[in-house]
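Structure file protein.txt with compact mmCIF, C-alpha atoms and all ligand atoms:
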```txt
# COMPACT_ATOMS: atom_id res chain seq x y z
CA MET A 206 210.52 118.00 -0.57
CA LEU A 207 210.68 121.39 -2.37
CA ARG A 208 207.14 122.09 -1.17
CA ARG A 209 208.22 121.66 2.45
CA LEU A 210 211.30 123.82 1.85
CA PHE A 211 209.29 126.75 0.49
CA LEU A 212 206.72 126.43 3.30
CA PHE A 213 209.60 126.40 5.80
CA LEU A 214 211.10 129.52 4.19
CA ALA A 215 207.66 131.18 4.24
CA GLY A 216 207.78 131.11 8.05
CA ARG A 217 211.28 132.66 8.46
CA ARG A 218 210.65 136.19 9.74
CA TRP A 219 214.24 137.48 9.26
CA LEU A 220 214.28 136.34 5.62
CA ARG A 221 210.86 137.84 5.08
CA ARG A 222 211.99 141.21 6.49
CA TRP A 223 215.13 141.19 4.38
CA MET A 224 213.33 140.23 1.16
CA GLU A 225 210.44 142.65 1.59
CA GLU A 226 212.78 145.56 2.29
CA SER A 227 214.96 144.90 -0.74
CA PRO A 228 213.91 146.87 -3.84
CA ARG A 229 215.77 144.29 -5.94
CA ALA A 230 213.69 141.42 -4.50
CA ALA A 231 210.41 143.26 -5.09
CA VAL A 232 211.11 143.03 -8.83
CA LEU A 233 210.67 139.27 -8.53
CA THR A 234 207.00 139.45 -7.68
CA SER A 235 205.37 141.18 -10.63
CA ARG A 236 203.98 138.02 -12.19
CA PHE A 237 201.95 137.14 -9.07
CA VAL A 238 201.47 140.46 -7.20
CA ALA A 239 199.69 143.49 -8.71
CA GLY A 240 202.03 146.07 -7.13
CA ARG A 241 202.53 147.90 -3.86
CA GLU A 242 199.67 150.43 -3.82
CA ILE A 243 195.86 150.51 -3.98
CA ASP A 244 196.18 152.21 -7.38
CA ASP A 245 198.07 149.16 -8.71
CA ALA A 246 195.29 146.80 -7.60
CA ILE A 247 192.66 149.09 -9.12
CA ARG A 248 194.58 149.35 -12.41
CA VAL A 249 194.88 145.55 -12.62
CA THR A 250 191.17 145.17 -11.83
CA GLU A 251 190.23 147.60 -14.62
CA ARG A 252 192.34 145.61 -17.06
CA LEU A 253 190.93 142.25 -15.95
CA ASN A 254 187.35 143.56 -15.94
CA GLN A 255 187.85 144.65 -19.56
CA ALA A 256 188.84 141.05 -20.36
CA GLY A 257 185.62 139.79 -18.72
CA LEU A 258 187.30 138.70 -15.47
CA TRP A 259 186.17 139.82 -12.00
CA THR A 260 188.53 140.25 -9.06
CA THR A 261 188.82 139.89 -5.33
CA LEU A 262 191.48 142.19 -3.89
CA ASP A 263 193.84 141.11 -1.14
CA TYR A 264 196.00 143.63 0.71
CA LEU A 265 198.96 141.39 1.54
CA GLY A 266 199.85 140.93 5.19
CA GLU A 267 199.30 138.41 7.95
CA SER A 268 200.20 137.94 11.61
CA VAL A 269 200.58 141.65 12.42
CA THR A 270 202.40 142.41 15.67
CA THR A 271 200.61 145.62 16.75
CA LEU A 272 197.00 146.76 16.74
CA ASP A 273 198.10 149.91 14.89
CA GLU A 274 199.13 147.73 11.95
CA ALA A 275 195.75 145.97 12.10
CA GLU A 276 193.95 149.33 11.99
CA ARG A 277 196.07 150.42 9.05
CA ALA A 278 195.05 147.25 7.20
CA ARG A 279 191.40 147.95 8.01
CA ASP A 280 191.73 151.48 6.62
CA ILE A 281 193.29 150.21 3.39
CA TYR A 282 190.32 147.85 2.93
CA LEU A 283 187.86 150.71 3.57
CA ARG A 284 189.62 152.78 0.90
CA LEU A 285 189.59 149.81 -1.48
CA LEU A 286 185.83 149.40 -1.10
CA ASP A 287 185.36 153.15 -1.70
CA GLN A 288 187.44 152.97 -4.90
CA ILE A 289 185.67 149.85 -6.18
CA HIS A 290 182.32 151.56 -5.63
CA ALA A 291 183.37 154.93 -7.08
CA ARG A 292 184.69 153.30 -10.27
CA GLY A 293 181.90 150.74 -10.64
CA LEU A 294 184.34 147.82 -10.75
CA GLN A 295 183.45 144.12 -10.66
CA ALA A 296 185.52 143.44 -7.56
CA ASN A 297 185.19 142.51 -3.90
CA VAL A 298 187.78 142.03 -1.14
CA SER A 299 189.51 139.12 0.62
CA LEU A 300 191.16 139.54 4.02
CA LYS A 301 192.95 137.51 6.68
CA LEU A 302 192.00 137.70 10.36
CA THR A 303 195.61 137.60 11.58
CA GLN A 304 196.16 140.77 9.55
CA PHE A 305 193.23 142.32 11.43
CA GLY A 306 194.77 141.52 14.84
CA LEU A 307 193.33 138.08 15.74
CA ASP A 308 196.52 137.01 17.55
CA LEU A 309 196.56 140.22 19.60
CA SER A 310 192.92 140.81 20.55
CA GLU A 311 189.95 138.92 19.18
CA ALA A 312 187.62 141.76 20.19
CA ALA A 313 189.71 144.35 18.29
CA CYS A 314 189.98 142.04 15.29
CA ARG A 315 186.20 141.55 15.19
CA GLU A 316 185.65 145.31 15.40
CA ASN A 317 188.10 145.94 12.53
CA VAL A 318 186.50 143.33 10.27
CA ALA A 319 183.00 144.53 11.20
CA ALA A 320 183.93 148.03 10.00
CA VAL A 321 184.93 146.60 6.60
CA ALA A 322 181.80 144.41 6.44
CA ARG A 323 179.55 147.39 7.24
CA ARG A 324 181.17 149.44 4.44
CA ALA A 325 180.76 146.51 2.01
CA ALA A 326 177.09 146.15 3.00
CA GLU A 327 176.55 149.88 2.41
CA PHE A 328 177.81 149.46 -1.18
CA GLY A 329 176.13 146.09 -1.82
CA ASN A 330 179.59 144.52 -1.96
CA PHE A 331 181.08 141.43 -0.30
CA VAL A 332 183.93 140.45 2.05
CA ARG A 333 185.65 137.06 1.87
CA VAL A 334 187.52 135.96 4.97
CA ASP A 335 190.47 133.85 3.79
CA MET A 336 191.30 130.69 5.73
CA GLU A 337 194.72 130.41 7.36
CA SER A 338 196.28 127.38 9.11
CA SER A 339 194.11 124.92 11.05
CA ALA A 340 195.04 126.66 14.32
CA TYR A 341 192.63 129.42 13.20
CA THR A 342 189.75 127.46 11.62
CA ASP A 343 187.34 127.52 14.59
CA ARG A 344 187.88 131.19 15.39
CA THR A 345 187.69 132.20 11.72
CA LEU A 346 184.40 130.38 11.14
CA ALA A 347 182.95 131.85 14.36
CA VAL A 348 183.78 135.38 13.16
CA VAL A 349 182.27 134.68 9.73
CA HIS A 350 179.04 133.26 11.27
CA ASP A 351 178.57 136.29 13.52
CA LEU A 352 179.44 138.90 10.92
CA ASP A 353 177.33 137.33 8.23
CA GLU A 354 174.39 137.32 10.65
CA ALA A 355 174.99 141.03 11.32
CA CYS A 356 175.76 142.23 7.75
CA GLY A 357 174.75 139.44 5.32
CA CYS A 358 177.74 140.03 3.06
CA VAL A 359 180.57 137.96 4.53
CA GLY A 360 181.78 134.59 3.20
CA ALA A 361 184.12 131.82 4.33
CA VAL A 362 186.84 129.69 2.78
CA ILE A 363 186.90 125.92 3.24
CA GLN A 364 190.04 123.86 2.68
CA ALA A 365 189.39 120.44 1.12
CA TYR A 366 192.49 118.95 2.77
CA LEU A 367 191.02 119.19 6.29
CA TYR A 368 189.08 116.17 7.60
CA ARG A 369 186.65 118.51 9.36
CA SER A 370 185.59 120.33 6.17
CA GLU A 371 182.62 118.10 5.35
CA ALA A 372 180.92 119.04 8.62
CA ASP A 373 181.89 122.72 8.16
CA VAL A 374 180.37 122.79 4.66
CA GLU A 375 177.10 121.28 6.00
CA GLU A 376 176.91 123.99 8.64
CA LEU A 377 177.71 126.81 6.21
CA ASN A 378 175.14 125.50 3.72
CA CYS A 379 172.50 125.48 6.49
CA ARG A 380 173.38 129.05 7.37
CA ARG A 381 173.34 130.06 3.65
CA ILE A 382 176.84 131.50 3.99
CA ARG A 383 178.83 131.80 0.77
CA VAL A 384 181.85 129.48 0.59
CA ARG A 385 185.03 129.53 -1.46
CA LEU A 386 186.37 126.00 -1.73
CA CYS A 387 190.13 125.52 -2.15
CA LYS A 388 192.53 122.64 -1.58
CA GLY A 389 194.49 124.33 1.25
CA ALA A 390 197.91 125.96 1.21
CA TYR A 391 199.44 125.36 4.67
CA ASP A 392 201.73 122.67 6.06
CA GLU A 393 199.24 120.57 8.07
CA ALA A 394 199.82 117.39 10.10
CA PRO A 395 198.26 114.08 8.95
CA GLU A 396 196.18 114.15 12.17
CA VAL A 397 194.11 117.02 10.74
CA ALA A 398 194.55 116.89 6.94
CA PHE A 399 194.63 114.35 4.13
CA PRO A 400 198.31 113.79 3.35
CA ARG A 401 197.94 112.67 -0.29
CA ALA A 402 197.02 114.79 -3.33
CA ALA A 403 194.53 112.17 -4.58
CA GLN A 404 192.70 112.26 -1.24
CA VAL A 405 192.54 116.06 -1.31
CA GLU A 406 191.17 115.98 -4.86
CA ALA A 407 188.50 113.42 -3.88
CA SER A 408 187.51 115.60 -0.94
CA PHE A 409 187.37 118.68 -3.21
CA ARG A 410 184.99 116.89 -5.59
CA LYS A 411 182.70 115.76 -2.78
CA LEU A 412 182.58 119.18 -1.11
CA ALA A 413 182.11 120.96 -4.45
CA GLU A 414 179.11 118.75 -5.21
CA SER A 415 177.54 119.60 -1.86
CA LEU A 416 178.16 123.33 -2.43
CA LEU A 417 176.87 123.32 -6.01
CA PHE A 418 173.67 121.46 -5.07
CA ARG A 419 172.94 122.84 -1.60
CA GLY A 420 175.19 125.86 -1.08
CA ASN A 421 174.76 129.58 -1.67
CA TYR A 422 176.65 130.89 -4.71
CA PRO A 423 179.85 128.88 -4.10
CA ALA A 424 183.28 129.66 -5.53
CA LEU A 425 185.44 126.80 -6.78
CA ALA A 426 189.04 127.97 -6.35
CA THR A 427 191.53 125.81 -8.20
CA HIS A 428 193.81 125.86 -11.25
CA ASP A 429 193.30 122.17 -11.78
CA GLU A 430 191.89 121.83 -15.28
CA ARG A 431 190.70 118.25 -14.75
CA LEU A 432 188.74 119.29 -11.69
CA HIS A 433 187.17 122.19 -13.61
CA ALA A 434 186.10 119.88 -16.41
CA ALA A 435 184.53 117.34 -14.01
CA LEU A 436 182.74 119.96 -11.91
CA LEU A 437 181.49 122.01 -14.86
CA ARG A 438 180.07 118.81 -16.36
CA LEU A 439 178.45 117.92 -13.02
CA ALA A 440 176.89 121.41 -12.79
CA ALA A 441 175.61 121.37 -16.38
CA ASP A 442 174.21 117.82 -16.12
CA ASN A 443 172.27 118.77 -13.00
CA GLY A 444 170.88 122.08 -14.21
CA VAL A 445 173.09 124.33 -12.05
CA ALA A 446 173.14 127.64 -13.96
CA LYS A 447 176.47 129.18 -14.99
CA ASP A 448 175.67 132.28 -12.93
CA ALA A 449 174.98 130.25 -9.75
CA PHE A 450 178.68 129.82 -8.93
CA GLU A 451 182.13 131.24 -9.64
CA ILE A 452 185.45 129.75 -10.63
CA GLN A 453 188.30 131.52 -8.86
CA MET A 454 192.00 131.58 -9.70
CA LEU A 455 195.08 133.46 -8.56
CA TYR A 456 196.54 136.44 -10.39
CA GLY A 457 199.26 135.35 -12.82
CA ILE A 458 198.45 131.63 -12.70
CA ARG A 459 196.97 129.82 -15.72
CA ARG A 460 196.05 133.10 -17.44
CA ASP A 461 195.15 131.13 -20.59
CA LEU A 462 192.61 129.06 -18.66
CA GLN A 463 191.13 132.13 -16.94
CA VAL A 464 190.35 133.76 -20.28
CA ARG A 465 189.09 130.53 -21.85
CA LEU A 466 186.62 129.84 -19.03
CA ALA A 467 185.30 133.41 -19.11
CA ALA A 468 184.90 133.23 -22.89
CA ALA A 469 182.83 130.06 -22.40
CA GLY A 470 180.40 132.10 -20.28
CA HIS A 471 181.56 131.13 -16.79
CA ARG A 472 181.98 133.62 -13.98
CA VAL A 473 185.71 133.80 -13.30
CA ARG A 474 187.09 135.84 -10.43
CA ILE A 475 190.81 136.48 -10.02
CA TYR A 476 192.38 136.81 -6.58
CA VAL A 477 194.63 139.88 -6.91
CA PRO A 478 197.16 140.45 -4.10
CA PHE A 479 198.97 143.76 -3.67
CA GLY A 480 201.10 145.48 -1.02
CA VAL A 481 204.61 145.26 0.37
CA ALA A 482 204.17 142.13 2.52
CA TRP A 483 204.45 139.77 -0.43
CA TYR A 484 206.98 137.24 0.88
CA PRO A 485 204.80 134.51 2.55
CA TYR A 486 202.30 134.70 -0.33
CA LEU A 487 205.00 134.18 -2.95
CA MET A 488 206.59 131.33 -0.97
CA ARG A 489 203.22 129.50 -0.82
CA ARG A 490 202.87 129.85 -4.61
CA LEU A 491 206.37 128.40 -5.06
CA ALA A 492 205.51 125.57 -2.67
CA GLU A 493 202.48 124.67 -4.80
CA ARG A 494 204.49 124.64 -7.96
CA PRO A 495 208.29 125.03 -7.78
CA ALA A 496 208.28 125.55 -11.58
CA ASN A 497 206.92 129.05 -10.81
CA LEU A 498 210.47 129.90 -9.80
CA TYR A 499 211.09 130.24 -13.53
CA PHE A 500 208.64 133.18 -13.78
CA VAL A 501 210.11 134.76 -10.67
CA VAL A 502 213.72 134.54 -11.87
CA ARG A 503 212.77 135.69 -15.38
CA ASN A 504 211.69 139.04 -13.90
CA LEU A 505 215.28 139.60 -12.82
CA PHE A 506 216.38 139.79 -16.44
CA ARG A 507 213.60 142.03 -17.70
P1 LIG A 601 197.29 122.00 -7.64
O1 LIG A 601 198.45 122.52 -6.83
O2 LIG A 601 196.59 120.82 -7.10
O3 LIG A 601 197.75 121.72 -9.12
C1 LIG A 601 196.84 121.31 -10.15
C2 LIG A 601 197.23 121.94 -11.47
O4 LIG A 601 196.94 123.35 -11.42
C3 LIG A 601 198.71 121.87 -11.80
O5 LIG A 601 199.03 120.69 -12.48
C4 LIG A 601 198.92 123.09 -12.65
O6 LIG A 601 198.52 122.84 -13.96
C5 LIG A 601 197.97 124.09 -12.06
N1 LIG A 601 198.61 124.94 -11.02
C6 LIG A 601 198.41 124.86 -9.71
N2 LIG A 601 199.12 125.78 -9.04
C7 LIG A 601 199.80 126.42 -9.99
C8 LIG A 601 200.72 127.48 -9.93
N3 LIG A 601 201.08 128.03 -8.74
N4 LIG A 601 201.23 127.90 -11.10
C9 LIG A 601 200.87 127.35 -12.28
N5 LIG A 601 200.00 126.33 -12.39
C10 LIG A 601 199.48 125.88 -11.27
N6 LIG A 601 194.44 128.43 0.36
C11 LIG A 601 194.18 128.52 1.69
O7 LIG A 601 194.69 127.71 2.47
N7 LIG A 601 193.36 129.52 2.16
C12 LIG A 601 192.74 130.41 1.34
O8 LIG A 601 192.01 131.28 1.81
C13 LIG A 601 192.99 130.30 -0.07
N8 LIG A 601 192.42 131.16 -0.94
C14 LIG A 601 192.57 130.91 -2.31
C15 LIG A 601 191.87 131.72 -3.22
C16 LIG A 601 191.93 131.41 -4.57
C17 LIG A 601 191.12 132.25 -5.55
C18 LIG A 601 192.72 130.33 -5.03
C19 LIG A 601 192.76 129.95 -6.48
C20 LIG A 601 193.44 129.58 -4.14
C21 LIG A 601 193.39 129.87 -2.77
N9 LIG A 601 194.12 129.13 -1.87
C22 LIG A 601 193.86 129.28 -0.53
C23 LIG A 601 195.23 128.24 -2.34
C24 LIG A 601 194.77 126.82 -2.51
O9 LIG A 601 194.48 126.25 -1.28
C25 LIG A 601 195.84 125.97 -3.22
O10 LIG A 601 197.00 125.95 -2.44
C26 LIG A 601 196.21 126.45 -4.62
O11 LIG A 601 195.09 126.92 -5.32
C27 LIG A 601 196.86 125.30 -5.43
O12 LIG A 601 195.95 124.26 -5.62
P2 LIG A 601 195.25 124.03 -7.05
O13 LIG A 601 194.00 123.30 -6.79
O14 LIG A 601 195.03 125.34 -7.70
O15 LIG A 601 196.26 123.23 -7.92
```
Can you give me the file's structure in the form of structure tokens?
Ligand code: FDA
Amino acid sequence: MLRRLFLFLAGRRWLRRWMEESPRAAVLTSRFVAGREIDDAIRVTERLNQAGLWTTLDYLGESVTTLDEAERARDIYLRLLDQIHARGLQANVSLKLTQFGLDLSEAACRENVAAVARRAAEFGNFVRVDMESSAYTDRTLAVVHDLDEACGCVGAVIQAYLYRSEADVEELNCRRIRVRLCKGAYDEAPEVAFPRAAQVEASFRKLAESLLFRGNYPALATHDERLHAALLRLAADNGVAKDAFEIQMLYGIRRDLQVRLAAAGHRVRIYVPFGVAWYPYLMRRLAERPANLYFVVRNLFR
């Protein structure tokens, strides 16, 4: 019920505009968003790197309405990659195709992402293309296939809640494309996605096994401690080395677990969002766990 409400609110453009423009509302985000500027994301990365955690940096924004905005996003990512390289940070980048203009011109979007992928390849770095709602899955995977063929440093995200994901994982494994596996954060119909949490978890386990045994350096993205325990045991029992995969978590969520897993010798990468367009991201985090509202409201009284 609350999940649906937050996902509904995430899609309200007027509310989004109002919240993102309010300096008061921006105060709410600090637990889950690094800040507004590149420098904030870099500062957070330096701090996390010192604690043994790697990062993937996300310049917040999706569904841009002009190609100028898409080009601005591309330029931010180019500057991010320059900064990561110049400072020798353990960080890569994550981006969304609708932020790069997919809804406006697929050709322009591809050109924008290709520019980022080329810069990443130049620095020996990596670009993760986040997965949005199922309306974009085919086009997103097609872009990832083509760009990875051209640059060799682009990876996909697979959502365990989609029925189609088993076939997609097979294909990505064959192509040796790196995959981040997550449960899926959008409001999908039962025609395309498992409706029950237990089904999504079972799918996650099955896909994770395929990625750990036959994939290329997969990333297991979840805060679910039981899933971690089961998958880490599976990896260890089958001789999958600790440096053959990553565990990924979101900035500000289960910080205790992030540090504990890194201290146990696992590769842990934190997804660090920054920028002014924080509203849909924060609403999806509240949808996953309404108790996060507590952290958001607490910032008001700091
Ligand atoms: P789940 O919601 O199943 O809860 C399991 C347990 O985890 C909870 O009991 C609690 O202990 C803990 N937990 C979970 N969420 C929490 C929270 N917000 N605060 C505190 N504790 C929490 N989705 C997508 O559709 N496309 C994408 O590209 C990505 N990318 C992505 C990158 C990374 C690095 C992560 C970690 C996640 C994504 N996601 C995503 C989001 C993902 O699909 C999913 O919605 C969330 O990770 C929540 O699912 P979990 O498996 O983490 O926990």
Checklist entry - Just how far from atom CA of A:Tyr476 is atom CA of A:Ser299, in Å to one decimal? => result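 Here the two named atoms are 8.1 Å from each other.
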Size and centre in Å, one decimal, axis-aligned box, all listed ligand LIG 601 (chain A) atoms plus 6 Å per side, as AutoDock Vina command-line options:
```
--center_x 196.2 --center_y 126.5 --center_z -5.7 --size_x 22.1 --size_y 23.6 --size_z 28.4
```
Taking only residues of chain A that have an atom at most 9 Å from an atom of ligand LIG 601 (chain A), what is each one's shortest atom pair and its distance in Å to one decimal, using only C-alpha atoms and all ligand atoms, in chain and number order, as a tab-separated table?
```
residue	atom	partner	partner_atom	distance
A:Thr261	CA	A:LIG601	C17	8.0
A:Ser299	CA	A:LIG601	O8	8.3
A:Leu300	CA	A:LIG601	O8	8.6
A:Lys301	CA	A:LIG601	O8	8.0
A:Arg333	CA	A:LIG601	O8	8.6
A:Val334	CA	A:LIG601	O8	7.2
A:Asp335	CA	A:LIG601	O8	3.6
A:Met336	CA	A:LIG601	O8	4.0
A:Glu337	CA	A:LIG601	N7	5.4
A:Ser338	CA	A:LIG601	O7	6.8
A:Ala361	CA	A:LIG601	O8	8.3
A:Val362	CA	A:LIG601	O8	5.5
A:Ile363	CA	A:LIG601	N7	7.5
A:Gln364	CA	A:LIG601	O7	6.0
A:Ala365	CA	A:LIG601	O9	8.1
A:Tyr366	CA	A:LIG601	O9	8.6
A:Arg385	CA	A:LIG601	C15	7.4
A:Leu386	CA	A:LIG601	C14	7.9
A:Cys387	CA	A:LIG601	O9	4.5
A:Lys388	CA	A:LIG601	O9	4.1
A:Gly389	CA	A:LIG601	O9	3.2
A:Ala390	CA	A:LIG601	O10	3.8
A:Tyr391	CA	A:LIG601	O7	5.7
A:Ala402	CA	A:LIG601	O2	7.1
A:Val405	CA	A:LIG601	O2	8.5
A:Glu406	CA	A:LIG601	O2	7.6
A:Phe409	CA	A:LIG601	O13	8.8
A:Ala424	CA	A:LIG601	C17	8.3
A:Leu425	CA	A:LIG601	C17	8.0
A:Ala426	CA	A:LIG601	C19	4.2
A:Thr427	CA	A:LIG601	O14	3.6
A:His428	CA	A:LIG601	O14	3.8
A:Asp429	CA	A:LIG601	O4	3.8
A:Glu430	CA	A:LIG601	O4	6.5
A:Arg431	CA	A:LIG601	C2	8.2
A:Leu432	CA	A:LIG601	O13	8.2
A:Ile452	CA	A:LIG601	C17	8.0
A:Gln453	CA	A:LIG601	C17	4.4
A:Met454	CA	A:LIG601	C19	3.7
A:Leu455	CA	A:LIG601	C19	4.7
A:Tyr456	CA	A:LIG601	C17	8.4
A:Gly457	CA	A:LIG601	N4	7.9
A:Ile458	CA	A:LIG601	N4	4.9
A:Arg459	CA	A:LIG601	N5	5.7
A:Arg474	CA	A:LIG601	C17	7.3
A:Ile475	CA	A:LIG601	C17	6.2
A:Tyr476	CA	A:LIG601	C17	4.8
A:Val477	CA	A:LIG601	C17	8.5
A:Arg489	CA	A:LIG601	O10	7.3
A:Arg490	CA	A:LIG601	N3	4.9
A:Leu491	CA	A:LIG601	N3	6.5
A:Ala492	CA	A:LIG601	N3	7.9
A:Glu493	CA	A:LIG601	O1	5.0
A:Arg494	CA	A:LIG601	N3	4.9
A:Pro495	CA	A:LIG601	N3	7.9
A:Ala496	CA	A:LIG601	N4	7.4
A:Asn497	CA	A:LIG601	N4	5.8
```
Item to check | Top pick for closest residue to A:Gln255, considering A:Val348, A:Leu436, A:Leu294, A:Glu451 and counting all atoms listed in the file | outcome: A:Leu294
Checklist entry - So how far away is atom CA of A:Val269 from atom CA of A:Gly306, in Å? => result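 That distance, rounded to one decimal, is 6.3 Å.
Atom CA of A:Val384 sits 7.8 Å away from atom CA of A:Leu416.
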Next on the checklist: I need the residue nearest A:Ala326 from this list: A:Thr303, A:Thr342, A:Thr234, A:Asn297. Use all atoms listed in the file for the distance.
Outcome noted: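 For A:Ala326, the nearest of the candidates is A:Asn297.
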Next on the checklist: Applying 12 Å and all atoms listed in the file, which residues near A:Gly444 remain after dropping the ones on its own chain fewer than 5 positions away? List them as a list in words.
Outcome noted: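 Here the answer would be Leu417, Phe418, Leu437, Arg438, Leu439 and Ala449 of chain A.
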Checklist outcome for this item: If you count all atoms listed in the file, the residue of A:Asn317, A:Asn443, A:Thr260, A:Thr271 closest to A:Phe331 turns out to be A:Thr260
Item to check | Contacts of A:Tyr282 at 7 Å (all atoms listed in the file; same-chain gap of 4+ positions) as a PyMOL selection string | outcome: chain A and resi 278+286+321
Store the residues picked out above, limited to C-alpha atoms, as an mmCIF file, in the coordinates of the input.
```cif
data_model
loop_
_atom_site.group_PDB
_atom_site.id
_atom_site.type_symbol
_atom_site.label_atom_id
_atom_site.label_comp_id
_atom_site.auth_asym_id
_atom_site.auth_seq_id
_atom_site.Cartn_x
_atom_site.Cartn_y
_atom_site.Cartn_z
ATOM 1 C CA ALA A 278 195.050 147.250 7.200
ATOM 2 C CA LEU A 286 185.830 149.400 -1.100
ATOM 3 C CA VAL A 321 184.930 146.600 6.600
#
```
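With all atoms listed in the file as the atoms that count, the residue of A:Leu367, A:Val332, A:Ala322, A:Leu466 with the shortest distance to A:Ala355 is A:Ala322.
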